[in-house]
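Asks: Take a look at this one; I'll ask things after.
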Amino acid sequence: MKYKISEIAKFTESKIIGNDTNSVRWLLTDSRSLCFPEETLFFALRTERNDGHKYINELYRRGVRNFMVENLPDNYSKNYPDATFIITDDSRKALQQIARHHRMQYDIPVIGITGSNGKTVVKEWLYRMLSSDNIVRRSPRSYNSQIGVPLSVCMIDDKTELAIIEAGISRRGEMQALENIIRPTIGIFTSLGTAHQENFNSLKEKCNEKIKLFKNAKSIIYCSDCTTLCECIDESDYNGQRITWSAKDRNAFLFVSDIKKENDSTHIIYICNGKENSFDIPFIDSASTENSITCATTLLFLGMDSERIKSRIKDLEPVAMRLEVKSGRNGCTIINDTYNNDFESLDIALDFMNRRPDHEDRCRTLILSDIFQSGRTPGELYKDVSGIAVKRRTEKFIGIGEDICRYAEEIKINNKFFFKTCEEFIRSDVFRNLRNEVILIKGARRFGFEHITELLEQKVHETILEVDLGAVVENLNFYRSFLKPETKLVCMVKADAYGSGAVEVAKTLQDHRVDYLAVAVADEGVTLRRNGITANIMIMNPEMTAFKKMFEYKLEPEVYSFRILDALIKAARSEGITNYPVHIKLDTGMHRLGFDPEHDIERLADILMHQQAVIPSSVFSHFVGSDSDGFDEFSAHQFELFKKGSEKLQSYFQHHIIRHMDNSAGIEHFPERQMDMCRLGLGLYGIDSRDNSVIHNVGTLKTTILQIHDVPATETVGYSRKGILKRDSRIAAIPIGYADGLNRKLGNRNCYCLVNGMKAEYVGNICMDVAMIDVTGIPCNEGDSVEIFGEHLPVTILSDAIGTIPYEILTGISNRVKRVYFQS
């Protein structure tokens, strides 16, 4: 979409302060999702738990200039001189008005989907089966709310031939607003259940609210075996076409005559227009069966022939939001179903676990949290939970939460355990004794069930790494002094922030408003997200097996080859993702990873322009030798290649693609080449790679003396008798070894540490957990502190001694070494 600010103000009946000629292409409601600030309109939404107005300052600093607000910020003319504010009474309503206006510009078939369960699955399956014949736009993932629906509708463009929009409600009065936005021509009602029942007086009242989505639709598709749904439609003023499927009524548009479940598939026989046909789905659970029949009914109504339906439906894959089966420790299999936490989805999940043919000989275990918004009294709820758990042959029950503990007697399973918190369960013998079980994990996200498979062990170690977060900030500001005010900065926190501890370093960098953080692999990014990091995060070495994690945690991958690009697009499509930001890497001379800037750009652009799953947010390359004057000619050659390649890529797109090439050394050495953004790595941690000096020391690795021995010159020290003494010596043992990251090459007097400020050489071979040092002539006692590297012993001394680089020393510090953080 693209609108002038003046147009937006007109159809939202709002007032403008600022430049009304600005163009808007992107609508933003979550500051963490910012991608293209120059053409973004941010909606400062007020919710029960948050207020978008407090993010205006941050977003302005990051380049956003267009804001939809309910109140002007203080001193707006002074603090935000280039900003344009559209003032409205209700930012959410304004977002919906924009979406409604946008929807009315397109005369295309629009499928609106609602129901209690199955909305997202039906939407995704229809998309997969229709998109090979049509250009289809659909709601990303489960964008079905009062905010998600307008964002989804605004993704419809001039190329769209069919749109599939999901609509969800949780209280009375919500569906009318969504109907005004979606205006479906075809409606699909998937199922009717008790999810979000607490805000309705009856199931029928909720059903009546949901079918308001279809009041102007030409056709409705639904299962006529649901009596309540049929009554509601009959009593409504709906006059359109009713396209029903049924396992009871032979007069339905699609009559299901038989369903046969095999070990790993289901065979469905149906009659439509007097002809019998069938199809197979690679699922055995009841929900998938019903969802597939809804899809088949829809496809037949749209005119797809039965053979094409049969061919396409057999290749369906699970929608990545529920019932994920994973291998667990100690012979366990984990079934993760934390997407829905209602009674109906519990039965579906238990049915899935019960039907898996490869688990007949193992204990079936259910780990369940408190269930919220059920619309039932707790006593009734957990009595029913017990009933279906017993019916589905659950043999062990683990309840987590205060409510479920309170109603433990309602659970009629002999082997049962209850805990108030996830942490309490993880610390228990019940958790430690899980063996050879099929475990269904079903719980609200607030309980932190993602930690259930992680056994947390307290690490006790006398060796610590002190990290000076104040020095991190000083180094950040040092490199920022080379940058223009508008130049963005991405800070590398990969390899656990070069051994310093990624979470605390990332929190510090986020507080000081860096534009991006960068890690090596997705798991590093997940750790940051789980610890409250909301800044944009790049994944520099994305693994194909981790794409789902990246989508879930909003991690932006580097793309360096056609193979990974194709796989990423496929994965994004399967997840219902659109316009996911990626960072394109060009190989200008490193010859490690990257596209060829001279020969690959046209093919790359062609692929990117003919899909909607991903979108290039930035393009970058690496200098090979910006730390050395001797490589200046080659660096100039690299930069010219990158400049031409990135400009050519940009020429294919209307939105601005961020360009970056300068690393830490390049920021100093090539300030004229900083472009839109620079990458700060080793320099952030205090090492100036231009001259191998220390800027502001960040990390100090320290340990203590365990024991001191007087050893005569006739003896040796350590394994293989490598520690040969030339005099009577005092030898101290310190609790640090190669398992902690102390390189073995430092041993045998190749380097030293500091004891009370004095040099003490390493004697003999460094062991796994202990090293020996010569403290002859050094006043010291057992328990005294030892500096391995730090403020007084630069890490470069160690790296130079063994012919390596500081990176290797810093990143080699083991995770068993405790990190202690402080502000200098």
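Each chain in the structure tokens gets a letter, A, B, ..., in the order shown, and its residues are numbered from 1; ligands are numbered from 1 in order too.
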Hey, what's within 7 Å of stretch 583-592 of chain A if we count only C-alpha atoms and toss same-chain stuff fewer than 6 positions away? As a list in words, please?
Replies: Pro557, Glu558, Val559, Tyr560, Pro616, Ser617, Ser618, Val619, Phe620, Ser621, His622, Val624, Gln638, Leu641 and Phe642 of chain A
Asks: If you run DSSP on the backbone here, which positions in stretch 51-297 of chain A get alpha helix (DSSP H)? Please write them as a PyMOL selection string.
Replies: chain A and resi 56-61+76-79+91-103+119-130+148-153+175-182+203-210+227-235+286-297
Asks: Could you state the separation of atom CA of A:Lys212 and atom CA of A:Gln176 in Å, given to one decimal place?
Replies: 6.4 Å
Asks: Run DSSP on the backbone of this structure and report the residues of stretch 10-142 of chain A it assigns to strand (DSSP E or B), as a ChimeraX atom specification.
Replies: /A:15-17,23-24,26-28,40-43,46,51,66-69,84-87,110-114,136-138
Asks: For A:Ala177, work out the shell of residues within 10 Å, counting only C-alpha atoms and skipping chain neighbours fewer than 3 positions away, then give it as a PyMOL selection string.
Replies: chain A and resi 93+96-97+100+146+149-150+173-174+180-182+212-213
